[in-house]
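Undergrad: My structure file final-v1.pdb, PDB, C-alpha atoms, is below:
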ATOM      1  CA  MET C   1       0.476 -11.429   9.301
ATOM      2  CA  CYS C   2      -2.635 -11.179   7.169
ATOM      3  CA  VAL C   3      -2.213  -7.475   6.439
ATOM      4  CA  ARG C   4       1.177  -5.870   5.905
ATOM      5  CA  LEU C   5       2.960  -2.695   4.912
ATOM      6  CA  LEU C   6       6.391  -3.471   3.543
ATOM      7  CA  ARG C   7       9.406  -1.880   1.892
ATOM      8  CA  ALA C   8      10.406  -4.914  -0.156
ATOM      9  CA  PRO C   9       8.876  -6.447  -3.307
ATOM     10  CA  ILE C  10       5.499  -8.098  -2.770
ATOM     11  CA  ASP C  11       5.526 -11.867  -3.367
ATOM     12  CA  VAL C  12       2.137 -12.521  -4.932
ATOM     13  CA  GLY C  13       2.803 -16.255  -5.304
ATOM     14  CA  ALA C  14       3.503 -16.564  -1.592
ATOM     15  CA  LEU C  15       0.248 -14.748  -0.800
ATOM     16  CA  MET C  16      -1.679 -17.154  -3.016
ATOM     17  CA  ARG C  17      -0.119 -20.143  -1.259
ATOM     18  CA  ARG C  18      -1.000 -18.670   2.135
ATOM     19  CA  ALA C  19      -4.600 -18.012   1.104
ATOM     20  CA  ALA C  20      -5.122 -21.607  -0.030
ATOM     21  CA  ASP C  21      -7.826 -23.393   1.931
ATOM     22  CA  PRO C  22      -9.490 -26.785   1.469
ATOM     23  CA  ARG C  23     -12.882 -25.041   1.605
ATOM     24  CA  ALA C  24     -11.964 -22.633  -1.168
ATOM     25  CA  GLY C  25     -12.861 -23.351  -4.776
ATOM     26  CA  ALA C  26     -11.701 -19.917  -5.888
ATOM     27  CA  VAL C  27      -8.778 -17.594  -5.253
ATOM     28  CA  ALA C  28      -9.137 -14.048  -6.580
ATOM     29  CA  VAL C  29      -6.060 -11.849  -6.871
ATOM     30  CA  PHE C  30      -5.833  -8.088  -7.402
ATOM     31  CA  VAL C  31      -2.428  -6.590  -8.114
ATOM     32  CA  GLY C  32      -2.001  -2.814  -8.394
ATOM     33  CA  THR C  33       0.983  -1.648 -10.427
ATOM     34  CA  VAL C  34       2.655   1.714 -10.952
ATOM     35  CA  ARG C  35       1.626   3.039 -14.353
ATOM     36  CA  GLU C  36       3.277   5.744 -16.408
ATOM     37  CA  GLY C  37       0.174   7.935 -16.296
ATOM     38  CA  GLY C  38      -0.977  10.517 -18.803
ATOM     39  CA  GLY C  39       1.167  13.480 -17.804
ATOM     40  CA  ALA C  40       3.126  15.686 -20.183
ATOM     41  CA  LEU C  41       6.357  14.223 -18.812
ATOM     42  CA  PRO C  42       7.069  10.525 -18.297
ATOM     43  CA  LEU C  43       6.489   9.355 -14.739
ATOM     44  CA  GLU C  44       9.661   8.108 -13.113
ATOM     45  CA  ALA C  45       8.228   6.699  -9.891
ATOM     46  CA  LEU C  46       5.534   6.843  -7.248
ATOM     47  CA  GLU C  47       6.630   7.361  -3.656
ATOM     48  CA  TYR C  48       4.209   5.848  -1.143
ATOM     49  CA  SER C  49       3.972   6.856   2.508
ATOM     50  CA  ALA C  50       1.503   5.997   5.239
ATOM     51  CA  TYR C  51       0.215   6.733   8.719
ATOM     52  CA  GLU C  52       1.360   3.249   9.502
ATOM     53  CA  GLU C  53      -0.308   2.497  12.813
ATOM     54  CA  MET C  54      -3.689   3.621  11.525
ATOM     55  CA  ALA C  55      -3.242   2.095   8.061
ATOM     56  CA  LEU C  56      -2.628  -1.331   9.592
ATOM     57  CA  ARG C  57      -5.625  -0.885  11.869
ATOM     58  CA  GLU C  58      -7.860   0.043   8.931
ATOM     59  CA  MET C  59      -6.507  -2.870   6.871
ATOM     60  CA  ARG C  60      -7.157  -5.341   9.700
ATOM     61  CA  ARG C  61     -10.684  -4.013  10.121
ATOM     62  CA  LEU C  62     -11.264  -4.203   6.369
ATOM     63  CA  ARG C  63     -10.087  -7.815   6.352
ATOM     64  CA  GLU C  64     -12.397  -8.777   9.250
ATOM     65  CA  GLU C  65     -15.360  -7.034   7.652
ATOM     66  CA  THR C  66     -14.668  -8.681   4.273
ATOM     67  CA  LEU C  67     -14.313 -12.174   5.761
ATOM     68  CA  ALA C  68     -17.645 -11.811   7.512
ATOM     69  CA  ARG C  69     -19.568 -10.069   4.752
ATOM     70  CA  PHE C  70     -18.554 -12.308   1.831
ATOM     71  CA  GLY C  71     -17.960 -15.615   3.602
ATOM     72  CA  ALA C  72     -14.362 -15.665   2.416
ATOM     73  CA  CYS C  73     -11.913 -18.247   3.756
ATOM     74  CA  GLU C  74      -8.962 -15.851   3.793
ATOM     75  CA  VAL C  75      -8.246 -12.233   2.883
ATOM     76  CA  LEU C  76      -4.623 -11.084   2.595
ATOM     77  CA  ILE C  77      -3.639  -7.467   1.961
ATOM     78  CA  GLU C  78      -0.114  -6.162   1.333
ATOM     79  CA  HIS C  79       0.833  -2.601   0.416
ATOM     80  CA  ARG C  80       4.322  -1.474  -0.406
ATOM     81  CA  LEU C  81       5.839   1.786   0.818
ATOM     82  CA  GLY C  82       8.737   3.805  -0.522
ATOM     83  CA  ARG C  83       9.794   4.769  -4.033
ATOM     84  CA  LEU C  84       8.454   2.480  -6.767
ATOM     85  CA  PRO C  85       9.359   2.812 -10.466
ATOM     86  CA  VAL C  86       6.792   2.246 -13.218
ATOM     87  CA  GLY C  87       5.792  -1.404 -13.386
ATOM     88  CA  GLU C  88       6.341  -2.233  -9.724
ATOM     89  CA  VAL C  89       3.588  -3.900  -7.710
ATOM     90  CA  SER C  90       2.279  -1.412  -5.147
ATOM     91  CA  VAL C  91      -0.540  -3.456  -3.639
ATOM     92  CA  ALA C  92      -1.740  -7.060  -3.660
ATOM     93  CA  ILE C  93      -5.027  -8.440  -2.400
ATOM     94  CA  VAL C  94      -5.669 -12.174  -2.351
ATOM     95  CA  VAL C  95      -9.048 -13.626  -1.409
ATOM     96  CA  SER C  96      -9.952 -17.302  -1.186
ATOM     97  CA  ALA C  97     -13.599 -18.319  -0.969
ATOM     98  CA  PRO C  98     -15.775 -21.346  -1.669
ATOM     99  CA  HIS C  99     -17.028 -19.932  -4.983
ATOM    100  CA  ARG C 100     -15.911 -17.395  -7.556
ATOM    101  CA  ASP C 101     -18.809 -14.987  -6.983
ATOM    102  CA  GLU C 102     -17.729 -14.270  -3.403
ATOM    103  CA  ALA C 103     -14.038 -14.308  -4.273
ATOM    104  CA  PHE C 104     -14.371 -11.708  -7.050
ATOM    105  CA  ALA C 105     -16.795  -9.538  -5.076
ATOM    106  CA  ALA C 106     -14.703  -9.607  -1.911
ATOM    107  CA  CYS C 107     -11.503  -8.804  -3.777
ATOM    108  CA  ARG C 108     -13.155  -5.846  -5.514
ATOM    109  CA  HIS C 109     -14.556  -4.632  -2.219
ATOM    110  CA  VAL C 110     -11.150  -4.691  -0.542
ATOM    111  CA  ILE C 111      -9.366  -2.609  -3.171
ATOM    112  CA  ASP C 112     -12.244  -0.128  -3.403
ATOM    113  CA  ALA C 113     -12.404   0.286   0.375
ATOM    114  CA  LEU C 114      -8.624   0.461   0.703
ATOM    115  CA  LYS C 115      -8.482   3.306  -1.788
ATOM    116  CA  ALA C 116     -11.218   5.166   0.076
ATOM    117  CA  THR C 117     -10.159   4.784   3.699
ATOM    118  CA  VAL C 118      -6.624   3.533   4.347
ATOM    119  CA  PRO C 119      -4.255   6.418   5.225
ATOM    120  CA  ILE C 120      -1.663   5.920   2.495
ATOM    121  CA  TRP C 121      -0.483   8.671   0.143
ATOM    122  CA  LYS C 122       1.586   8.801  -3.014
ATOM    123  CA  ARG C 123       3.801  11.389  -4.637
ATOM    124  CA  GLU C 124       4.274  11.386  -8.386
ATOM    125  CA  ILE C 125       7.904  11.927  -9.365
ATOM    126  CA  TRP C 126       8.528  12.886 -12.992
ATOM    127  CA  SER C 127      11.567  12.501 -15.198
ATOM    128  CA  ASP C 128      12.666  16.114 -14.631
ATOM    129  CA  GLY C 129      12.736  15.552 -10.884
ATOM    130  CA  THR C 130       9.590  17.532 -10.085
ATOM    131  CA  ALA C 131       7.040  15.937  -7.808
ATOM    132  CA  ALA C 132       3.453  16.444  -6.682
ATOM    133  CA  TRP C 133       1.102  14.662  -4.339
ATOM    134  CA  ALA C 134      -1.516  12.553  -6.129
ATOM    135  CA  GLY C 135      -5.172  13.205  -5.356
ATOM    136  CA  PRO C 136      -7.496  16.218  -5.118
ATOM    137  CA  ALA C 137      -5.823  19.386  -3.908
ATOM    138  CA  GLY C 138      -2.417  17.810  -4.367
ATOM    139  CA  GLY C 139       0.345  19.867  -5.875
ATOM    140  CA  GLU C 140      -1.324  23.218  -5.319
TER     141      GLU C 140
ATOM    142  CA  MET W 141      -4.192  19.733  28.130
ATOM    143  CA  ARG W 142      -1.541  18.694  25.634
ATOM    144  CA  VAL W 143      -2.227  16.686  22.517
ATOM    145  CA  THR W 144       0.046  15.550  19.691
ATOM    146  CA  VAL W 145      -0.836  16.519  16.143
ATOM    147  CA  ARG W 146       0.649  14.566  13.248
ATOM    148  CA  TYR W 147       0.560  15.737   9.643
ATOM    149  CA  PHE W 148       0.671  13.514   6.569
ATOM    150  CA  GLY W 149       1.028  13.814   2.821
ATOM    151  CA  PRO W 150       0.465  17.321   1.437
ATOM    152  CA  ALA W 151      -0.792  18.454   4.859
ATOM    153  CA  ALA W 152       2.723  17.987   6.248
ATOM    154  CA  ASP W 153       4.096  20.191   3.468
ATOM    155  CA  ASP W 154       1.454  22.830   4.237
ATOM    156  CA  ALA W 155       2.137  22.804   7.959
ATOM    157  CA  GLY W 156       5.879  22.666   7.384
ATOM    158  CA  LEU W 157       6.249  19.877   9.913
ATOM    159  CA  ALA W 158       5.377  16.261  10.580
ATOM    160  CA  GLU W 159       4.371  16.547  14.200
ATOM    161  CA  GLU W 160       3.801  19.067  16.975
ATOM    162  CA  SER W 161       2.589  19.202  20.541
ATOM    163  CA  VAL W 162      -0.368  21.552  21.030
ATOM    164  CA  GLU W 163      -2.025  22.965  24.133
ATOM    165  CA  VAL W 164      -5.851  22.926  24.031
ATOM    166  CA  PRO W 165      -8.474  23.828  26.635
ATOM    167  CA  PHE W 166      -9.666  21.026  28.889
ATOM    168  CA  ALA W 167     -12.568  19.085  27.266
ATOM    169  CA  ALA W 168     -11.969  20.806  23.931
ATOM    170  CA  ALA W 169     -13.633  19.290  20.885
ATOM    171  CA  LEU W 170     -11.746  18.479  17.710
ATOM    172  CA  ASN W 171     -13.183  21.523  15.924
ATOM    173  CA  ALA W 172     -11.540  23.838  18.451
ATOM    174  CA  LEU W 173      -8.178  22.235  17.706
ATOM    175  CA  ILE W 174      -8.799  22.530  13.963
ATOM    176  CA  GLU W 175      -9.489  26.253  14.337
ATOM    177  CA  LEU W 176      -6.231  26.627  16.239
ATOM    178  CA  LEU W 177      -4.235  24.711  13.634
ATOM    179  CA  SER W 178      -5.839  26.698  10.808
ATOM    180  CA  ALA W 179      -4.844  29.948  12.491
ATOM    181  CA  ASN W 180      -1.246  28.769  12.973
ATOM    182  CA  HIS W 181      -0.880  27.203   9.513
ATOM    183  CA  PRO W 182      -2.599  29.326   6.843
ATOM    184  CA  ASP W 183      -1.545  27.002   3.996
ATOM    185  CA  LEU W 184      -3.240  24.158   5.819
ATOM    186  CA  ALA W 185      -6.375  26.264   6.305
ATOM    187  CA  ARG W 186      -6.728  26.561   2.528
ATOM    188  CA  ARG W 187      -7.064  22.763   2.290
ATOM    189  CA  ARG W 188      -9.631  22.631   5.058
ATOM    190  CA  ALA W 189     -12.453  21.265   2.900
ATOM    191  CA  TYR W 190     -10.328  18.279   1.806
ATOM    192  CA  LEU W 191      -9.086  17.214   5.225
ATOM    193  CA  ARG W 192     -10.208  14.409   7.473
ATOM    194  CA  PHE W 193      -9.016  13.900  11.018
ATOM    195  CA  ALA W 194      -8.272  10.903  13.209
ATOM    196  CA  VAL W 195      -8.046  10.711  16.979
ATOM    197  CA  ASN W 196      -5.934   7.845  18.334
ATOM    198  CA  HIS W 197      -5.934   6.061  14.968
ATOM    199  CA  GLU W 198      -9.698   6.289  14.379
ATOM    200  CA  TYR W 199     -11.438   8.671  12.010
ATOM    201  CA  ALA W 200     -13.290  11.254  14.090
ATOM    202  CA  GLY W 201     -15.962  13.881  13.551
ATOM    203  CA  GLU W 202     -15.333  17.487  14.494
ATOM    204  CA  ASP W 203     -17.480  17.208  17.585
ATOM    205  CA  ALA W 204     -15.246  14.479  19.042
ATOM    206  CA  LEU W 205     -14.009  15.401  22.505
ATOM    207  CA  LEU W 206     -10.267  15.337  23.019
ATOM    208  CA  GLY W 207      -8.361  13.967  26.004
ATOM    209  CA  GLU W 208      -4.936  14.582  27.502
ATOM    210  CA  GLY W 209      -2.249  12.882  25.460
ATOM    211  CA  ASP W 210      -4.463  12.158  22.451
ATOM    212  CA  GLU W 211      -2.852  11.771  19.040
ATOM    213  CA  ILE W 212      -4.693  13.672  16.338
ATOM    214  CA  ALA W 213      -3.785  13.104  12.710
ATOM    215  CA  VAL W 214      -4.453  15.526   9.870
ATOM    216  CA  ILE W 215      -5.398  13.357   6.930
ATOM    217  CA  PRO W 216      -5.511  14.781   3.400
ATOM    218  CA  PRO W 217      -7.308  12.771   0.674
ATOM    219  CA  VAL W 218      -5.874   9.264   0.774
ATOM    220  CA  ALA W 219      -4.275   7.763  -2.307
ATOM    221  CA  GLY W 220      -3.328   4.159  -1.619
ATOM    222  CA  GLY W 221      -3.434   1.351  -4.127
TER     223      GLY W 221
END
Can you present the structure in this file as structure tokens?
TA:
Amino acid sequence: MCVRLLRAPIDVGALMRRAADPRAGAVAVFVGTVREGGGALPLEALEYSAYEEMALREMRRLREETLARFGACEVLIEHRLGRLPVGEVSVAIVVSAPHRDEAFAACRHVIDALKATVPIWKREIWSDGTAAWAGPAGGE
Amino acid sequence: MRVTVRYFGPAADDAGLAEESVEVPFAAALNALIELLSANHPDLARRRAYLRFAVNHEYAGEDALLGEGDEIAVIPPVAGG
């Protein structure tokens, strides 16, 4: 599976091994992690949820488009769902390509496009137990 | 005809449910369904400007024509990554 939603820790090393290709001189990796944020209270966790059937479809399409547009050898995308404490890996994108220019550019493109189009949401959960949806109009 | 509407993220909180079956006129467009949902869920109507919609797992414009059994998703601003 080249794109995945999962409820277990993401194995970035395994993704890098899977993306390896004799034609690739570069492997670019993006890892998104849960950060404590700048709120008045410490963030306890982010809780991710998704419209899974459509998210996978969008991720597959994004992979196909990225492979074609940047001449990448492989594009792997994994996003975790469920409750993640600060420091956990929420998303990993691994791109292998002949040269570093394409690898970096493709990797950047995938995370930017994922954040714009893939139907995944997150709720911020703070240390006092209150929670609000992240994003514009969240928590109204 | 009957369609299924699914709500996600803060839209599910606004609507007070995750999914419902809705009756719409034959050959209705998505905007007719949106008007109906806004009337039934006032909290959702307030978010109207932020919402996108999908029909059968594809983003759709408001002029998209609906079919019997379609799955329409109410998609608030996405926040993956």
Undergrad: Taking all atoms listed in the file into account, produce a table as a tab-separated table in which each residue of chain C with an atom at most 12 Å from an atom of chain W appears once, together with its shortest atom pair and the distance in Å to one decimal, ordered by chain and rising number.
TA:
residue	atom	partner	partner_atom	distance
C:Leu5	CA	W:Gly220	CA	11.4
C:Phe30	CA	W:Gly221	CA	10.3
C:Val31	CA	W:Gly221	CA	8.9
C:Gly32	CA	W:Gly221	CA	6.1
C:Thr33	CA	W:Gly221	CA	8.3
C:Val34	CA	W:Gly221	CA	9.2
C:Arg35	CA	W:Gly221	CA	11.5
C:Leu46	CA	W:Gly220	CA	10.8
C:Glu47	CA	W:Gly220	CA	10.7
C:Tyr48	CA	W:Gly220	CA	7.7
C:Ser49	CA	W:Gly149	CA	7.6
C:Ala50	CA	W:Phe148	CA	7.7
C:Tyr51	CA	W:Phe148	CA	7.1
C:Glu52	CA	W:His197	CA	9.5
C:Glu53	CA	W:His197	CA	7.0
C:Met54	CA	W:His197	CA	4.8
C:Ala55	CA	W:His197	CA	8.4
C:Leu56	CA	W:His197	CA	9.7
C:Arg57	CA	W:His197	CA	7.6
C:Glu58	CA	W:Glu198	CA	8.5
C:Met59	CA	W:Gly220	CA	11.5
C:Arg61	CA	W:Glu198	CA	11.2
C:Ile77	CA	W:Gly221	CA	10.7
C:Glu78	CA	W:Gly221	CA	9.9
C:His79	CA	W:Gly221	CA	7.4
C:Arg80	CA	W:Gly221	CA	9.1
C:Leu81	CA	W:Gly220	CA	9.8
C:Glu88	CA	W:Gly221	CA	11.8
C:Val89	CA	W:Gly221	CA	9.5
C:Ser90	CA	W:Gly221	CA	6.4
C:Val91	CA	W:Gly221	CA	5.6
C:Ala92	CA	W:Gly221	CA	8.6
C:Ile93	CA	W:Gly221	CA	10.1
C:Val110	CA	W:Gly221	CA	10.4
C:Ile111	CA	W:Gly221	CA	7.2
C:Asp112	CA	W:Gly221	CA	9.0
C:Ala113	CA	W:Gly220	CA	10.1
C:Leu114	CA	W:Gly220	CA	6.9
C:Lys115	CA	W:Gly220	CA	5.2
C:Ala116	CA	W:Val218	CA	6.8
C:Thr117	CA	W:Val218	CA	6.9
C:Val118	CA	W:Val218	CA	6.8
C:Pro119	CA	W:Val218	CA	5.5
C:Ile120	CA	W:Gly220	CA	4.8
C:Trp121	CA	W:Ala219	CA	4.6
C:Lys122	CA	W:Ala219	CA	6.0
C:Arg123	CA	W:Gly149	CA	8.3
C:Glu124	CA	W:Ala219	CA	11.1
C:Ala131	CA	W:Pro150	CA	11.4
C:Ala132	CA	W:Pro150	CA	8.7
C:Trp133	CA	W:Pro150	CA	6.4
C:Ala134	CA	W:Ala219	CA	6.7
C:Gly135	CA	W:Ala219	CA	6.3
C:Pro136	CA	W:Pro217	CA	6.7
C:Ala137	CA	W:Arg187	CA	7.2
C:Gly138	CA	W:Pro150	CA	6.5
C:Gly139	CA	W:Pro150	CA	7.7
C:Glu140	CA	W:Pro150	CA	9.1
Undergrad: Name the residues that the PyMOL selection byres ((chain W and resi 164) around 7) pulls out of this structure, and write them as a PyMOL selection string.
TA: chain W and resi 141-142+162-163+165-166+168+173
Undergrad: Which polymer residues, protein or nucleic acid, are no farther than 9 Å from (-15.6, -16.6, -9.7), counting all atoms listed in the file, as a short mmCIF file (atom, residue, chain, number, x, y, z; two decimals) with C-alpha atoms, in the frame of the given file?
TA:
data_model
loop_
_atom_site.label_atom_id
_atom_site.label_comp_id
_atom_site.auth_asym_id
_atom_site.auth_seq_id
_atom_site.Cartn_x
_atom_site.Cartn_y
_atom_site.Cartn_z
CA GLY C 25 -12.86 -23.35 -4.78
CA ALA C 26 -11.70 -19.92 -5.89
CA VAL C 27 -8.78 -17.59 -5.25
CA ALA C 28 -9.14 -14.05 -6.58
CA HIS C 99 -17.03 -19.93 -4.98
CA ARG C 100 -15.91 -17.40 -7.56
CA ASP C 101 -18.81 -14.99 -6.98
CA GLU C 102 -17.73 -14.27 -3.40
CA ALA C 103 -14.04 -14.31 -4.27
CA PHE C 104 -14.37 -11.71 -7.05
CA ALA C 105 -16.80 -9.54 -5.08
#
Undergrad: So what does the PyMOL selection byres ((chain C and resi 72) around 9) actually pick up in this one, as a ChimeraX atom specification?
TA: /C:24,66-71,73-75,95-99,102-103,106
Undergrad: Is it possible to get the axis-aligned box enclosing segment 57-64 of chain C (all listed atoms, 4 Å extra per side) as JSON, with centre and edge lengths in Å rounded to one decimal?
TA:
{"center_x": -9.0, "center_y": -4.4, "center_z": 9.1, "size_x": 14.8, "size_y": 16.8, "size_z": 13.5}
Undergrad: In Å to one decimal, how far is atom CA of Ala179 of chain W from atom CA of Gly156 of chain W?
TA: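 For atom CA of Gly156 of chain W relative to atom CA of Ala179 of chain W, the distance reads 13.9 Å.
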Undergrad: On this file, the PyMOL selection byres ((chain C and resi 14) around 12) gives some set of residues; write that set as a list in words.
TA: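 Checking the PyMOL selection byres ((chain C and resi 14) around 12) against this file, the residues are Cys2, Pro9, Ile10, Asp11, Val12, Gly13, Leu15, Met16, Arg17, Arg18, Ala19, Ala20, Val29, Leu76, Glu78, Ala92, Ile93 and Val94 of chain C.
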Undergrad: What gap, in Å, lies between atom CA of His109 of chain C and atom CA of Arg23 of chain C?
TA: 20.8 Å
Undergrad: How many Å separate atom CA of Ala204 of chain W from atom CA of Asn171 of chain W?
TA: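 Between atom CA of Ala204 of chain W and atom CA of Asn171 of chain W the gap is 8.0 Å.
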Undergrad: Under the rule that all atoms listed in the file are counted, which of W:Leu157, W:Val145, W:Ala152, W:Leu170 is the nearest residue to Leu206 of chain W?
TA: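 So, comparing all the options, the nearest one is W:Leu170.
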Undergrad: Which of these, C:Glu64, C:Thr130, C:Ile125, C:Met1, has the shortest distance to Ala45 of chain C once you count only C-alpha atoms?
TA: C:Ile125
Undergrad: Using only C-alpha atoms for the distances, tell me which of W:Ala155, W:Glu208, W:Phe193, W:Glu202 is nearest to Leu177 of chain W.
TA: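 The shortest atom-to-atom distance to Leu177 of chain W comes from W:Ala155.
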Undergrad: Using only C-alpha atoms and a cutoff of 7 Å, can you tell me which residues are near (8.7, 18.0, -16.9) in the file's coordinates, and write them out as a list in words?
TA: Ala40, Leu41, Trp126, Ser127, Asp128 and Thr130 of chain C
Undergrad: All heavy atoms are needed for segment 89-98 of chain C; please write them out as a PDB file, in the frame of the given file.
TA:
ATOM      1  N   VAL C  89       4.837  -3.577  -8.393  1.00  0.00           N
ATOM      2  CA  VAL C  89       3.588  -3.900  -7.710  1.00  0.00           C
ATOM      3  C   VAL C  89       3.490  -3.061  -6.439  1.00  0.00           C
ATOM      4  O   VAL C  89       4.361  -3.124  -5.577  1.00  0.00           O
ATOM      5  CB  VAL C  89       3.535  -5.399  -7.353  1.00  0.00           C
ATOM      6  CG1 VAL C  89       2.315  -5.705  -6.479  1.00  0.00           C
ATOM      7  CG2 VAL C  89       3.525  -6.247  -8.623  1.00  0.00           C
ATOM      8  N   SER C  90       2.455  -2.264  -6.328  1.00  0.00           N
ATOM      9  CA  SER C  90       2.279  -1.412  -5.147  1.00  0.00           C
ATOM     10  C   SER C  90       1.353  -2.050  -4.117  1.00  0.00           C
ATOM     11  O   SER C  90       1.504  -1.815  -2.922  1.00  0.00           O
ATOM     12  CB  SER C  90       1.711  -0.051  -5.547  1.00  0.00           C
ATOM     13  OG  SER C  90       0.525  -0.218  -6.306  1.00  0.00           O
ATOM     14  N   VAL C  91       0.418  -2.851  -4.561  1.00  0.00           N
ATOM     15  CA  VAL C  91      -0.540  -3.456  -3.639  1.00  0.00           C
ATOM     16  C   VAL C  91      -0.988  -4.810  -4.176  1.00  0.00           C
ATOM     17  O   VAL C  91      -1.098  -4.988  -5.396  1.00  0.00           O
ATOM     18  CB  VAL C  91      -1.758  -2.527  -3.415  1.00  0.00           C
ATOM     19  CG1 VAL C  91      -2.495  -2.265  -4.728  1.00  0.00           C
ATOM     20  CG2 VAL C  91      -2.716  -3.091  -2.374  1.00  0.00           C
ATOM     21  N   ALA C  92      -1.202  -5.756  -3.267  1.00  0.00           N
ATOM     22  CA  ALA C  92      -1.740  -7.060  -3.660  1.00  0.00           C
ATOM     23  C   ALA C  92      -2.812  -7.464  -2.666  1.00  0.00           C
ATOM     24  O   ALA C  92      -2.649  -7.290  -1.458  1.00  0.00           O
ATOM     25  CB  ALA C  92      -0.645  -8.114  -3.716  1.00  0.00           C
ATOM     26  N   ILE C  93      -3.923  -7.949  -3.216  1.00  0.00           N
ATOM     27  CA  ILE C  93      -5.027  -8.440  -2.400  1.00  0.00           C
ATOM     28  C   ILE C  93      -5.362  -9.832  -2.885  1.00  0.00           C
ATOM     29  O   ILE C  93      -5.577 -10.027  -4.085  1.00  0.00           O
ATOM     30  CB  ILE C  93      -6.244  -7.522  -2.546  1.00  0.00           C
ATOM     31  CG1 ILE C  93      -5.916  -6.136  -1.990  1.00  0.00           C
ATOM     32  CG2 ILE C  93      -7.454  -8.115  -1.829  1.00  0.00           C
ATOM     33  CD1 ILE C  93      -6.790  -5.034  -2.541  1.00  0.00           C
ATOM     34  N   VAL C  94      -5.358 -10.798  -1.989  1.00  0.00           N
ATOM     35  CA  VAL C  94      -5.669 -12.174  -2.351  1.00  0.00           C
ATOM     36  C   VAL C  94      -6.824 -12.649  -1.484  1.00  0.00           C
ATOM     37  O   VAL C  94      -6.762 -12.541  -0.258  1.00  0.00           O
ATOM     38  CB  VAL C  94      -4.446 -13.092  -2.171  1.00  0.00           C
ATOM     39  CG1 VAL C  94      -4.804 -14.534  -2.525  1.00  0.00           C
ATOM     40  CG2 VAL C  94      -3.290 -12.601  -3.034  1.00  0.00           C
ATOM     41  N   VAL C  95      -7.867 -13.143  -2.124  1.00  0.00           N
ATOM     42  CA  VAL C  95      -9.048 -13.626  -1.409  1.00  0.00           C
ATOM     43  C   VAL C  95      -9.339 -15.057  -1.841  1.00  0.00           C
ATOM     44  O   VAL C  95      -9.429 -15.338  -3.036  1.00  0.00           O
ATOM     45  CB  VAL C  95     -10.286 -12.765  -1.741  1.00  0.00           C
ATOM     46  CG1 VAL C  95     -11.538 -13.348  -1.083  1.00  0.00           C
ATOM     47  CG2 VAL C  95     -10.074 -11.326  -1.297  1.00  0.00           C
ATOM     48  N   SER C  96      -9.483 -15.958  -0.865  1.00  0.00           N
ATOM     49  CA  SER C  96      -9.952 -17.302  -1.186  1.00  0.00           C
ATOM     50  C   SER C  96     -11.365 -17.452  -0.626  1.00  0.00           C
ATOM     51  O   SER C  96     -11.687 -16.899   0.437  1.00  0.00           O
ATOM     52  CB  SER C  96      -9.022 -18.377  -0.606  1.00  0.00           C
ATOM     53  OG  SER C  96      -8.937 -18.249   0.797  1.00  0.00           O
ATOM     54  N   ALA C  97     -12.195 -18.165  -1.358  1.00  0.00           N
ATOM     55  CA  ALA C  97     -13.599 -18.319  -0.969  1.00  0.00           C
ATOM     56  C   ALA C  97     -14.130 -19.592  -1.608  1.00  0.00           C
ATOM     57  O   ALA C  97     -13.544 -20.098  -2.564  1.00  0.00           O
ATOM     58  CB  ALA C  97     -14.409 -17.109  -1.436  1.00  0.00           C
ATOM     59  N   PRO C  98     -15.239 -20.109  -1.090  1.00  0.00           N
ATOM     60  CA  PRO C  98     -15.775 -21.346  -1.669  1.00  0.00           C
ATOM     61  C   PRO C  98     -16.070 -21.227  -3.166  1.00  0.00           C
ATOM     62  O   PRO C  98     -15.779 -22.147  -3.934  1.00  0.00           O
ATOM     63  CB  PRO C  98     -17.054 -21.582  -0.863  1.00  0.00           C
ATOM     64  CG  PRO C  98     -16.790 -20.937   0.448  1.00  0.00           C
ATOM     65  CD  PRO C  98     -15.944 -19.725   0.140  1.00  0.00           C
TER      66      PRO C  98
END
